[in-house]
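Before any comments, here is the structure.
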Amino acid sequence: MIDISIVISGAAGQGVQTVEQLLVGILKMSGFNVFATKEYESRVRGGTNSTELRISTTRVAAFVNRIDILVPFSKAAIKHVKPRLSEKTVILADESLLGEEDAANYSHLIKLPLQKTAIEVGKKIYSNVVSVGAITGLFGADPEIGKKFLRQRFQTKGETIITQNQEAFDKGYVMGKELKDQGMVDFTIEPTEGVESEILFNGNQAVALGAIAGGCNFISAYPMSPSTGVLIYLAQHSEEFEIVIDQAEDEIAAINKTVAAWYAGARAIASTSGGGFALMGEGLSLAGIMESPLVIHIAQRPGPATGLPTRTAQEDLNLALYGGHGEFNRVIFAPGTIQQAFYLTQKAFNLADEFQVPIFVLTDQDFVDGYYNIPSLDISQLSNKKHIVETADDYKRYLLTKNGISPRGVPGYGEGLVRADSDEHDEYGHITEDMEYLRPAMTEKRVFKRRKLLEAVAESPSLVPDAEYRTLVLCWGSNYHVVKEGIAMAEKQGVSMLHFHQVYPLPKIIAETIQKAEKIILIENNATGQFGKVLTLELGINIPREMQFLRYSGKPWSVEEIVKIIQKEAL
Amino acid sequence: MIDISIVISGAAGQGVQTVEQLLVGILKMSGFNVFATKEYESRVRGGTNSTELRISTTRVAAFVNRIDILVPFSKAAIKHVKPRLSEKTVILADESLLGEEDAANYSHLIKLPLQKTAIEVGKKIYSNVVSVGAITGLFGADPEIGKKFLRQRFQTKGETIITQNQEAFDKGYVMGKELKDQGMVDFTIEPTEGVESEILFNGNQAVALGAIAGGCNFISAYPMSPSTGVLIYLAQHSEEFEIVIDQAEDEIAAINKTVAAWYAGARAIASTSGGGFALMGEGLSLAGIMESPLVIHIAQRPGPATGLPTRTAQEDLNLALYGGHGEFNRVIFAPGTIQQAFYLTQKAFNLADEFQVPIFVLTDQDFVDGYYNIPSLDISQLSNKKHIVETADDYKRYLLTKNGISPRGVPGYGEGLVRADSDEHDEYGHITEDMEYLRPAMTEKRVFKRRKLLEAVAESPSLVPDAEYRTLVLCWGSNYHVVKEGIAMAEKQGVSMLHFHQVYPLPKIIAETIQKAEKIILIENNATGQFGKVLTLELGINIPREMQFLRYSGKPWSVEEIVKIIQKEAL
Amino acid sequence: MELDFTEKLYDMPQEKAWCPGCGHFTMHKHLRAALAELKIPPKNLVLVSGIGQAAKLPQYTRGHMFNGLHGRSLPAAMAIKAANPELTVIVTSGDGCSYGEGGNHFLAQIERNADIVNIVNNNMIYGLTKGQASPTSLRGMKTHVQVTGVTNEPFNPLAVAIAMGATFVARVFPGNKEQTVSIIKQAIQHKGYALVDSFVQCVSMNKLNSFKWYKEHTYEIDDFHDVTDRQAAFAKALETGNYPTGILYKEEGKPVFWEQTAAYESRSEPLYKRDVDWEKLKAMIDAKRSI
Amino acid sequence: MELDFTEKLYDMPQEKAWCPGCGHFTMHKHLRAALAELKIPPKNLVLVSGIGQAAKLPQYTRGHMFNGLHGRSLPAAMAIKAANPELTVIVTSGDGCSYGEGGNHFLAQIERNADIVNIVNNNMIYGLTKGQASPTSLRGMKTHVQVTGVTNEPFNPLAVAIAMGATFVARVFPGNKEQTVSIIKQAIQHKGYALVDSFVQCVSMNKLNSFKWYKEHTYEIDDFHDVTDRQAAFAKALETGNYPTGILYKEEGKPVFWEQTAAYESRSEPLYKRDVDWEKLKAMIDAKRSI
Ligand SMILES: Cc1ncc(C[n+]2csc(CCOP(=O)(O)OP(=O)(O)O)c2C)c(N)n1
Ligand SMILES: Cc1ncc(C[n+]2csc(CCOP(=O)(O)OP(=O)(O)O)c2C)c(N)n1
Ligand code: SF4
Ligand code: SF4
Ligand SMILES: [Mg+2]
Ligand SMILES: [Mg+2]
């Protein structure tokens with residue numbers, strides 16, 4: 001396996017993102033597996049951000065600490081990633097950035113006339129494209145792909161801009177090719193058959209796309225990093241898919257609008273981050289008593305309060321689990337792959353519709369901003385089943401049935417009246433004070449009967465690589481790829497990962513799978529082991545504190561860190 | 001022990017509450033132990049409510065299902081409590097209420113000319129006072145005490161009203177006395193020395209009083225049953241105790257104002273119910289990252305959403321425990337007695353101040369509306385320690401110290417600047433993106449170091465009646481008296497109660513106390529055993545589902561129900 | 001089934017949990033009269049409310065019901081209308097619910113020109129929670145919380161609605177049946193957001209603002225008032241000694257929220273009848289192959 | 001220690017995380033100039049904000065700081081002033097924070113006449129979250145969320161504040177330094193709630209409302225405007241093609257929140273200096289013996 005990590009770093013506004021997007025596009029279309037993940041500050045200009053691109057002969061989708069090629073856009077950028085540099089790291093920088101002393105500090109320093117070339121071509125701003133060309137050259141990819149891509153991207157900007165970009169790219173390409181040909185650097189990597197026609201979506205897009213596939217036609221959301229991408233993506237496709245977009249006045253409005261939209265027959269989603277969700281508790285509880293379907297996407301970030309708005313964490317599982325007052329059921333998905341994000345979100349709409357409970361899709365910054373090529377999203381097997389009934393004259397919204405599901409009508413479909421109530425109610429939905437019969441019966445329906453149904457359809461975790469293990473590494477959500485790759489890299493026998501893409505409720509039978517292991521390791525991205533507590537309460541599994549590897553710095557786990565844990569702890 | 005339960009029942013607006021207050025006052029001042037608890041609908045007029053009064057030779061403070069004397073104000077009232085009536089129940093009603101058929105249905109039916117007498121005295125409205133007189137007469141208490149009390153109560157209404165009330169009382173008294181003297185009823189009960197000079201506060205008042213004792217000088221709250229009593233009580237004493245009263249525009253404002261008031265040096269409390277608290281999550285989290293002291297009173301009621309607004313439940317422990325996004329510490333008190341409500345609330349302010357974390361006082365409708373005589377609230381040992389430091393020029397609000405407490409300054413006291421931040425911050429309180437050092441250090445301070453300190457000062461539960469037991473009944477909050485009395489009444493050997501007035505964090509050592517029992521029974525007022533889960537996570541105690549007695553009807557447990565459980569389950 | 005459009009049609013059989021003499025009874029009657037006159041079938045009607053005494057009104061009215069959270073009736077109503085514009089959506093809630101807890105939603109739904117009727121039974125008190133000041137309570141009124149009297153400036157819903165650019169702003173006094181019913185009807189017929197603030201008495205908790213007080217402190221706006229003149233409307237809204245009743249401001253033709261969304265660009269059927277366009281979705285996914 | 005009251009005194013050393021050319025820089029400078037001219041010691045000054053680009057301003061200003069939650073700056077500021085009226089409390093936040101998420105608090109703190117200065121850096125966009133419409137965004141402006149253009153009626157903060165009875169309502173354009181500094185000073189000196197809506201450019205996210213645009217679409221209110229005439233102020237507030245800058249409305253002498261609370265009836269010292277009156281408490285408990 002050949003696997004090269006390229007890090008581009010610079011201030012916000014310097015074009016790190018443009019370079020990332022161009023490179024990812026060009027390299028994917030050149031047949032290389034690509035993965036991109038970024039880290040950035042909560043500001044629009046300045047500071048220092050970075051993007052990691054991995055180019056590989058196999059599929060990779062996790063953050064590695066190692067940097068093979070660094071493309072810094074500022075002196076600060078080099079300092080920013082300094083702890084990650086090794087003797088092997090090739091630093092590819094504009095000549096203006098590097099002083100005499102740097103040559104002594106870094107072994108593989110390559111100064112290129114990026115800016116000078118850009119100015120020659122037309123404008124200083126093209127230096128980003130020069131560097132894109134240089135990297136493409138380093139890999140010996142077909143320059144025509146790059147030029148085609150640039151044409152496509154700058155299509156609307158006019159012919160001069162297009163050709164100047166292409167020229168800048170070409171000049172960079174020559175520099176890169178030369179470095180390669182001269183043996184200054186050696187990143188020989190063969191393209192993989194088929195990759196060039198694969199697709200790329202990031203986590204937010206996969207959730208949004210899953211929502212569209214789930215029939216979503218209504219979103220009310222208040223912007224909040226890192227969740228805003230879902231709102232944006234749905235807005236941008238709202239005309240194609242006929243979606244009501246409401247940028248809500250606040251998160252309380254958003255959740256109430258979402259519940260009410262379901263009431264009136266829409267398929268609606270609320271999308272926010274932890275702080276926004278902390279305002280939605282009462283509305284969530286409303287869905288609980290109204291027995292309303294509801295889909296909520298929470299893109300987690302480190303708290304408390306504003307915390308680190310653009311960083312990553314898995315700190316809001318507890319809140320998703322226990323948010324809202326009173327008692328009612330819910331389901332929590334936590335996708336670990338782009339495919340899971342898509343399919344689970346699509347499923348969320350149908351599950352919500354069928355069981356009339358809130359379904360959460362819990363992601364985080366690391367997950368929503370990351371992307372990599374996947375073969376496709378196969379929608380041929382998907383369908384949406386609406387569980388709406390045509391109401392008869394004497395319709396009872398909260399009919400007490402044996403299995404605990406009251407057939408759901410919507411206003412205007414049928415002869416009945418649909419009366420939804422936030423008070424405790426009778427079967428018609430009318431306010432009641434009956435504590436002898438109705439209150440217990442409605443509670444049993446909402447709490448016990450639903451729980452049984454939901455447990456029965458709970459998704460099983462993924463056991464990877466296989467069913468023979470002595471050490472089992474438990475994780476959930478965004479840690480899928482990093483743990484999987486960490487296990488593979490650690491090259492220890494008998495280590496498997498059990499990854500939960502549904503974190504609540506859990507199928508009871510999983511306890512056996514876990515207990516079969518001689519040693520259990522838990523990996524989470526929070527300080528208190530929130531999922532570990534779910535395992536204790538749901539399955540009776542207790543993981544000692546020393547075997548809980550908890551990170552709460554705002555950064556994702558790196559493959560190297562997981563490798564280290566496994567090498568040290570696995571049997 | 002002689003113990004008589006009187007139930008007064010009627011529509012809202014018919015004066016049930018007046019009768020209750022008059023009787024409680026007169027009977028307490030006559031030297032009888034009294035306890036009053038009420039249940040009422042969410043409306044201002046009509047419906048059917050009831051109050052239970054217990055008059056006893058020993059202290060009692062729990063709801064009994066049994067009714068010894070029923071005073072119905074309407075036909076519906078009799079129907080309302082019908083399941084609680086026995087052959088022994090004496091029904092004392094106005095003659096107009098009872099038909100021929102009733103005599104056949106109820107054995108001890110006493111018709112009195114309450115209304116007729118009232119009209120003779122002056123107005124129909126006096127019939128309530130006639131019935132108060134009658135009951136006073138039944139117990140053979142000194143009528144002068146009643147008349148004195150009426151004078152006091154109607155002081156501002158003018159002499160005519162006072163004397164007419166007294167006359168009505170007298171006439172009723174004669175009726176009651178006659179019934180007693182004729183042997184029609186026999187409720188002979190001796191007064192207890194000293195009771196007449198004891199004091200009476202309900203749960204809300206005890207919390208409010210505790211707040212005042214804790215130096216509370218700021219409340220921002222939005223009205224919500226059953227918590228509004230705290231706001232009202234503080235408002236009514238705001239001039240005496242110089243308290244800023246802010247009826248907030250909503251609960252979000254309330255919590256933000258409370259946090260900000262602490263920031264500026266006030267001692268502030270937020271008081272609400274579950275639904276209001278569900279809106280406070282983000283504000284709670286703000287206190288978490290700001291390391292702000294905070295006192296929150298939640299008077300629980302059944303949810304989800306609006307649920308049963310005037311009923312009781314213990315459903316919001318989870319939300320108090322996990323509310324707010326991100327990770328930080330908190331303490332949850334759940335008083336079981338009026339004294340605990342007072343002392344714990346007072347303590348809450350000092351604990352909050354010292355440890356700079358949110359402190360919850362968790363009550364419920366059953367608790368806040370109930371009251372009974374207690375000897376006193378001894379404030380002679382109380383004091384308030386302010387942990388505010390005078391700031392120096394280079395003051396750092398978030399100084400990283402060994403024990404994890406950063407000395408807290410307030411604006412205007414000292415030379416330093418007090419910079420409180422909802423973003424992750426450095427020691428000065430300035431926004432940071434440092435994930436290497438500051439973020440982990442601040443998290444460790446907020447999560448681990450605080451937790452250790454708080455565990456060390458955690459309140460131990462009460463073991464009642466004694467330390468020798470085979471069966472241990474676990475409960476928390478408002479179930480103190482009912483479980484205690486249930487155990488006493490069950491007359492089984494080797495049964496004790498372990499009542500938690502602090503439900504989080506728990507002192508680890510308590511696990512031993514619990515494990516010493518051969519059998520453990522859990523009593524809660526919710527459907528999912530929320531405190532049971534705290535016991536599992538905090539102490540590793542697992543109580544099988546069959547030994548969890550969970551009630552979720554909106555009604556409090558009765559002594560009889562507890563007796564039954566103990567008789568059936570205790571070893 | 002042929003419906004007999006009478007006020008009774010809209011009445012529900014349950015006992016009403018209001019105090020005898022409560023102003024909510026009267027408004028309930030007038031609303032039903034207006035619905036009857038407009039012959040709105042209950043199955044096309046959604047009543048939305050929050051929590052409070054006024055908010056119980058949908059419980060007692062025949063139609064669909066969304067009895068949501070305290071303060072959150074407006075976002076719910078807006079969403080219901082956007083999910084199914086064929087429905088007539090009427091919010092009936094209290095002053096505390098609408099202008100207190102729900103203040104931000106009041107602003108935001110006016111900004112959207114949400115196509116709903118917003119009837120606020122304004123009794124200048126929190127009724128259900130037993131008598132605390134509401135945002136519209138008058139300065140100086142004493143309650144068990146406002147022990148030395150209300151100190152806040154009373155919220156002026158009409159002035160704010162006019163400042164916000166609301167397209168239908170009216171006040172009614174239900175003691176004036178004819179005007180009240182007529183205005184409710186016009187509000188329902190109005191396309192866009194319509195505010196009807198209604199002066200109702202709370203006989204149990206507000207001894208100051210009684211039926212008599214409202215009667216003595218209101219007058220009917222005369223025909224000379226130009227309802228399209230925003231400045232004049234604002235002047236009327238500021239009259240507070242003697243409060244004008246009637247339509248203060250009205251603007252026709254301003255686009256409403258739902259019709260400006262992508263969902264109704266090319267077709268009008270309600271959302272519950274729709275499913276995803278799988279072809280388009282497939283095309284969108286495949287388009288990503290060449291990027 | 002003698003302080004040298006210059007604009008620099010109020011500047012903090014940290015790097016400012018704003019884009020070059022951002023309007024928040026200018027307002028920051030003008031605010032500091034106003035503070036310097038009024039010689040307000042940093043230790044008497046509390047800067048309160050929510051979250052957003054504008055809300056970073058207190059981070060960069062010497063004084064006490066309460067950098068709270070998005071949308072919640074006003075309740076925090078009101079409480080700080082009520083806990084210690086000796087402090088000068090200034091809120092500096094953005095249009096989204098103040099009029100979007102925080103709309104209800106905007107209404108409620110005006111009702112209270114909270115004794116604070118409310119500076120809103122109104123760039124008609126959500127800056128920090130990268131360019132969604134804010135309540136003040138103009139109709140038709142396209143963003144990545146408002147893909148076919150903003151359809152909401154823009155929120156008119158001045159008109160609403162005047163309708164609410166706010167006691168100091170002003171707009172500034174920081175390109176006009178003299179007027180801006182003067183108005184900030186007057187706002188600080190005003191007893192009661194003072195709104196200063198400030199037209200600042202967001203160079204990165206709002207290409208429509210540039211510095212140039214604001215310059216071309218504003219004019220200074222002349223001396224003939226009577227700032228005590230609410231009706232005239234409202235008319236000015238409704239001018240939106242060409243926006244007036246200056247003080248639109250001002251009312252002196254209306255009591256403020258904190259001075260009407262029981263805490264300051266008989267003494268003025270801040271709450272942190274106080275403890276419970278144990279004698280009174282004992283008396284209150286004992287009084288219960290005879291009931
Ligand atoms: C979030 C929340 N806060 C508080 C309450 C308690 N509450 C119920 S009704 C009400 C006030 C009702 O006043 P208003 O809206 O004026 O209606 P009215 O009863 O006067 O008709 C309040 C505060 C609640 N149900 N939910
Ligand atoms: C509860 C909550 N919702 C959303 C956000 C995300 N958020 C941060 S700043 C911001 C908008 C800021 O816009 P504005 O107040 O106009 O300030 P600007 O950045 O334009 O100066 C939003 C939506 C948040 N921090 N908290
Ligand atoms: S309390 Fe007031 S608002 Fe409520 S029902 Fe009674 S009169 Fe009506
Ligand atoms: S994004 Fe706009 S508001 Fe934010 S710093 Fe840049 S220019 Fe200023
Ligand atoms: Mg009201
Ligand atoms: Mg802005």
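Numbering starts fresh at 1 for the residues of each chain in the structure tokens, the chains themselves are lettered A, B, ... in the order given, and ligands are numbered from 1 as they appear.
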Using only C-alpha atoms, I'd like a table of the residues in chain B that come within 6 Å of chain C; for each, show the closest atom pair and its distance in Å rounded to one decimal, ordered by chain and ascending number, as CSV.
residue,atom,partner,partner_atom,distance
B:Arg45,CA,C:Cys19,CA,5.0
B:Ile232,CA,C:Val145,CA,5.2
B:Ala235,CA,C:Val145,CA,5.3
B:Glu249,CA,C:Gly100,CA,5.5
B:Asp250,CA,C:Glu101,CA,4.9
Go ahead and save the picked residues with C-alpha atoms, as a tab-separated table (two decimals), in the first residue's frame.
chain	number	residue	atom	x	y	z
B	45	ARG	CA	-62.54	27.45	38.62
B	232	ILE	CA	-43.98	34.57	44.82
B	235	ALA	CA	-41.28	38.67	45.78
B	249	GLU	CA	-39.50	37.24	29.52
B	250	ASP	CA	-38.78	33.51	29.18
Go through range 36-285 of chain C and collect every residue that DSSP, computed from the backbone, puts in strand (DSSP E or B); the answer should be as a VMD selection string.
chain C and resid 45 to 49 61 64 to 67 88 to 94 117 to 122 126 132 168 to 172 194 to 199 218 to 220 243 to 250
Residue nearest ligand 2 among B:Ala118, B:Ala458, B:Leu112, B:Leu279 (counting only C-alpha atoms and all ligand atoms):
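Smallest distance to ligand 2 is found for B:Leu279.
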Hey, list the chain B side of the contact with chain A: 8 Å cut-off, only C-alpha atoms, answer as a compact mmCIF listing (two decimals) with N, CA, C and O atoms, in the first residue's frame.
# COMPACT_ATOMS: atom_id res chain seq x y z
N GLU B 41 -56.56 20.31 39.74
CA GLU B 41 -56.51 20.33 38.29
C GLU B 41 -55.86 21.62 37.79
O GLU B 41 -55.75 22.59 38.51
N GLY B 274 -39.83 21.30 34.93
CA GLY B 274 -39.10 20.57 33.90
C GLY B 274 -39.13 21.22 32.52
O GLY B 274 -38.11 21.35 31.85
N GLY B 275 -40.31 21.64 32.09
CA GLY B 275 -40.45 22.23 30.76
C GLY B 275 -39.70 23.53 30.63
O GLY B 275 -39.12 23.84 29.58
N GLY B 276 -39.68 24.30 31.68
CA GLY B 276 -38.91 25.54 31.67
C GLY B 276 -37.43 25.23 31.69
O GLY B 276 -36.63 25.84 30.98
N ALA B 278 -36.04 22.65 30.48
CA ALA B 278 -35.65 22.10 29.18
C ALA B 278 -35.20 23.21 28.23
O ALA B 278 -34.50 22.96 27.25
N LEU B 279 -35.59 24.44 28.54
CA LEU B 279 -35.14 25.58 27.73
C LEU B 279 -33.84 26.18 28.24
O LEU B 279 -33.26 27.07 27.61
N MET B 280 -33.40 25.73 29.39
CA MET B 280 -32.25 26.36 30.05
C MET B 280 -30.93 25.65 29.78
O MET B 280 -29.90 26.03 30.33
N GLY B 281 -30.98 24.60 28.96
CA GLY B 281 -29.79 23.77 28.77
C GLY B 281 -28.57 24.56 28.33
O GLY B 281 -27.47 24.38 28.87
N GLU B 282 -28.77 25.44 27.36
CA GLU B 282 -27.61 26.18 26.87
C GLU B 282 -27.06 27.10 27.95
O GLU B 282 -25.84 27.25 28.10
N GLY B 283 -27.96 27.72 28.70
CA GLY B 283 -27.54 28.62 29.78
C GLY B 283 -26.82 27.86 30.88
O GLY B 283 -25.86 28.36 31.48
N SER B 285 -25.07 25.22 30.42
CA SER B 285 -23.77 24.92 29.84
C SER B 285 -22.87 26.16 29.90
O SER B 285 -21.65 26.06 30.10
N LEU B 286 -23.47 27.32 29.77
CA LEU B 286 -22.71 28.57 29.91
C LEU B 286 -22.10 28.66 31.30
O LEU B 286 -20.92 28.98 31.44
N GLY B 288 -21.38 26.23 33.05
CA GLY B 288 -20.34 25.21 33.07
C GLY B 288 -19.00 25.74 32.58
O GLY B 288 -17.98 25.59 33.25
N ILE B 289 -19.00 26.37 31.43
CA ILE B 289 -17.70 26.82 30.90
C ILE B 289 -17.22 28.09 31.59
O ILE B 289 -16.02 28.30 31.73
N PRO B 302 -45.34 15.89 35.93
CA PRO B 302 -45.28 14.86 34.89
C PRO B 302 -45.25 15.45 33.48
O PRO B 302 -46.01 16.35 33.15
N GLY B 303 -44.34 14.94 32.67
CA GLY B 303 -44.24 15.34 31.27
C GLY B 303 -44.67 14.19 30.41
O GLY B 303 -45.44 13.35 30.90
N PRO B 304 -44.22 14.07 29.19
CA PRO B 304 -43.41 15.07 28.49
C PRO B 304 -44.22 16.34 28.18
O PRO B 304 -45.44 16.33 28.32
N ALA B 305 -43.51 17.36 27.73
CA ALA B 305 -44.12 18.64 27.36
C ALA B 305 -45.02 19.13 28.48
O ALA B 305 -44.65 19.09 29.64
N THR B 306 -46.23 19.59 28.14
CA THR B 306 -47.10 20.16 29.16
C THR B 306 -47.57 19.09 30.13
O THR B 306 -47.71 19.35 31.33
N GLY B 307 -47.82 17.90 29.63
CA GLY B 307 -48.13 16.77 30.51
C GLY B 307 -49.28 17.04 31.45
O GLY B 307 -50.37 17.44 31.03
N LEU B 308 -49.03 16.83 32.72
CA LEU B 308 -50.04 17.09 33.76
C LEU B 308 -49.49 18.19 34.66
O LEU B 308 -48.81 17.92 35.65
N GLU B 315 -39.51 12.87 37.29
CA GLU B 315 -39.12 12.48 35.94
C GLU B 315 -37.94 13.27 35.37
O GLU B 315 -37.50 12.99 34.27
N ASP B 316 -37.51 14.29 36.09
CA ASP B 316 -36.53 15.18 35.47
C ASP B 316 -35.14 15.08 36.09
O ASP B 316 -34.31 15.96 35.90
N ASN B 318 -32.89 12.84 35.18
CA ASN B 318 -31.99 12.69 34.04
C ASN B 318 -31.64 14.03 33.42
O ASN B 318 -30.50 14.28 33.06
N LEU B 319 -32.65 14.86 33.27
CA LEU B 319 -32.41 16.13 32.60
C LEU B 319 -31.51 17.03 33.46
O LEU B 319 -30.63 17.72 32.94
N TYR B 322 -28.00 15.49 33.01
CA TYR B 322 -27.34 15.52 31.70
C TYR B 322 -27.67 16.77 30.89
O TYR B 322 -27.19 16.91 29.76
N GLY B 323 -28.52 17.63 31.40
CA GLY B 323 -28.90 18.84 30.67
C GLY B 323 -27.68 19.70 30.37
O GLY B 323 -26.71 19.71 31.13
N GLY B 324 -27.75 20.42 29.24
CA GLY B 324 -26.63 21.25 28.83
C GLY B 324 -25.67 20.44 27.99
O GLY B 324 -25.43 19.26 28.27
N HIS B 325 -25.15 21.04 26.92
CA HIS B 325 -24.22 20.33 26.06
C HIS B 325 -22.80 20.47 26.60
O HIS B 325 -22.50 21.37 27.39
N GLY B 326 -21.94 19.57 26.15
CA GLY B 326 -20.57 19.60 26.66
C GLY B 326 -20.51 18.97 28.04
O GLY B 326 -21.50 18.48 28.56
N GLU B 327 -19.33 18.99 28.61
CA GLU B 327 -19.11 18.26 29.87
C GLU B 327 -18.64 19.18 30.99
O GLU B 327 -17.68 19.93 30.83
N PHE B 328 -19.30 19.09 32.12
CA PHE B 328 -18.94 19.89 33.29
C PHE B 328 -19.65 19.28 34.49
O PHE B 328 -20.47 18.38 34.32
N SER B 422 -17.62 32.40 27.20
CA SER B 422 -18.33 31.18 26.79
C SER B 422 -17.53 30.38 25.77
O SER B 422 -17.86 29.23 25.48
N ASP B 423 -16.51 30.98 25.18
CA ASP B 423 -15.59 30.24 24.33
C ASP B 423 -14.58 29.53 25.21
O ASP B 423 -14.35 29.91 26.35
N GLU B 424 -13.92 28.52 24.66
CA GLU B 424 -12.75 28.00 25.37
C GLU B 424 -11.76 29.14 25.48
O GLU B 424 -11.66 29.97 24.57
N GLU B 433 -7.66 28.89 20.74
CA GLU B 433 -7.84 27.71 19.90
C GLU B 433 -6.77 26.69 20.26
O GLU B 433 -6.53 25.74 19.51
N MET B 435 -5.34 23.64 21.42
CA MET B 435 -5.83 22.30 21.75
C MET B 435 -4.76 21.44 22.39
O MET B 435 -5.02 20.33 22.82
N GLU B 436 -3.53 21.96 22.41
CA GLU B 436 -2.44 21.17 22.98
C GLU B 436 -2.45 21.23 24.49
O GLU B 436 -2.36 20.22 25.16
N ARG B 439 -6.97 23.68 26.19
CA ARG B 439 -8.24 22.95 26.15
C ARG B 439 -8.24 21.74 27.09
O ARG B 439 -9.14 21.61 27.92
N PRO B 440 -7.23 20.89 27.01
CA PRO B 440 -7.24 19.77 27.96
C PRO B 440 -7.15 20.24 29.41
O PRO B 440 -7.84 19.71 30.28
N THR B 443 -10.46 21.57 30.55
CA THR B 443 -11.43 20.47 30.67
C THR B 443 -11.16 19.65 31.92
O THR B 443 -12.09 19.29 32.66
N VAL B 447 -13.91 19.17 34.60
CA VAL B 447 -14.52 17.84 34.69
C VAL B 447 -13.93 17.01 35.84
O VAL B 447 -14.65 16.59 36.74
N ALA B 527 -41.17 6.34 35.31
CA ALA B 527 -41.39 5.05 34.64
C ALA B 527 -40.11 4.29 34.34
O ALA B 527 -40.16 3.10 34.02
N THR B 528 -38.97 4.96 34.43
CA THR B 528 -37.76 4.30 33.94
C THR B 528 -36.70 4.08 35.02
O THR B 528 -35.60 3.60 34.71
N LYS B 533 -30.61 4.15 37.79
CA LYS B 533 -29.51 4.21 36.81
C LYS B 533 -28.33 5.00 37.37
O LYS B 533 -27.17 4.70 37.07
N THR B 536 -26.48 2.64 39.46
CA THR B 536 -25.66 1.73 38.65
C THR B 536 -24.37 2.41 38.21
O THR B 536 -23.28 1.87 38.36
N LEU B 537 -24.50 3.62 37.68
CA LEU B 537 -23.31 4.28 37.14
C LEU B 537 -22.37 4.79 38.23
O LEU B 537 -21.16 4.73 38.08
N TYR B 552 -46.04 6.23 37.71
CA TYR B 552 -45.97 7.30 36.71
C TYR B 552 -47.36 7.77 36.34
O TYR B 552 -47.66 8.06 35.20
N SER B 553 -48.20 7.84 37.36
CA SER B 553 -49.59 8.22 37.13
C SER B 553 -49.82 9.70 37.38
O SER B 553 -50.86 10.23 37.03
N GLY B 554 -48.85 10.36 38.00
CA GLY B 554 -49.07 11.76 38.37
C GLY B 554 -49.44 11.91 39.83
O GLY B 554 -49.49 13.01 40.35
N LYS B 555 -49.73 10.77 40.48
CA LYS B 555 -50.09 10.82 41.89
C LYS B 555 -48.89 10.45 42.75
O LYS B 555 -48.03 9.69 42.33
Taking only C-alpha atoms into account, what are the residues of chain D at most 8 Å from chain C, put as an MDAnalysis selection string?
chainID D and resid 100:104 107 110:113 151:156 159:160 163:165 231 234:235 257 260
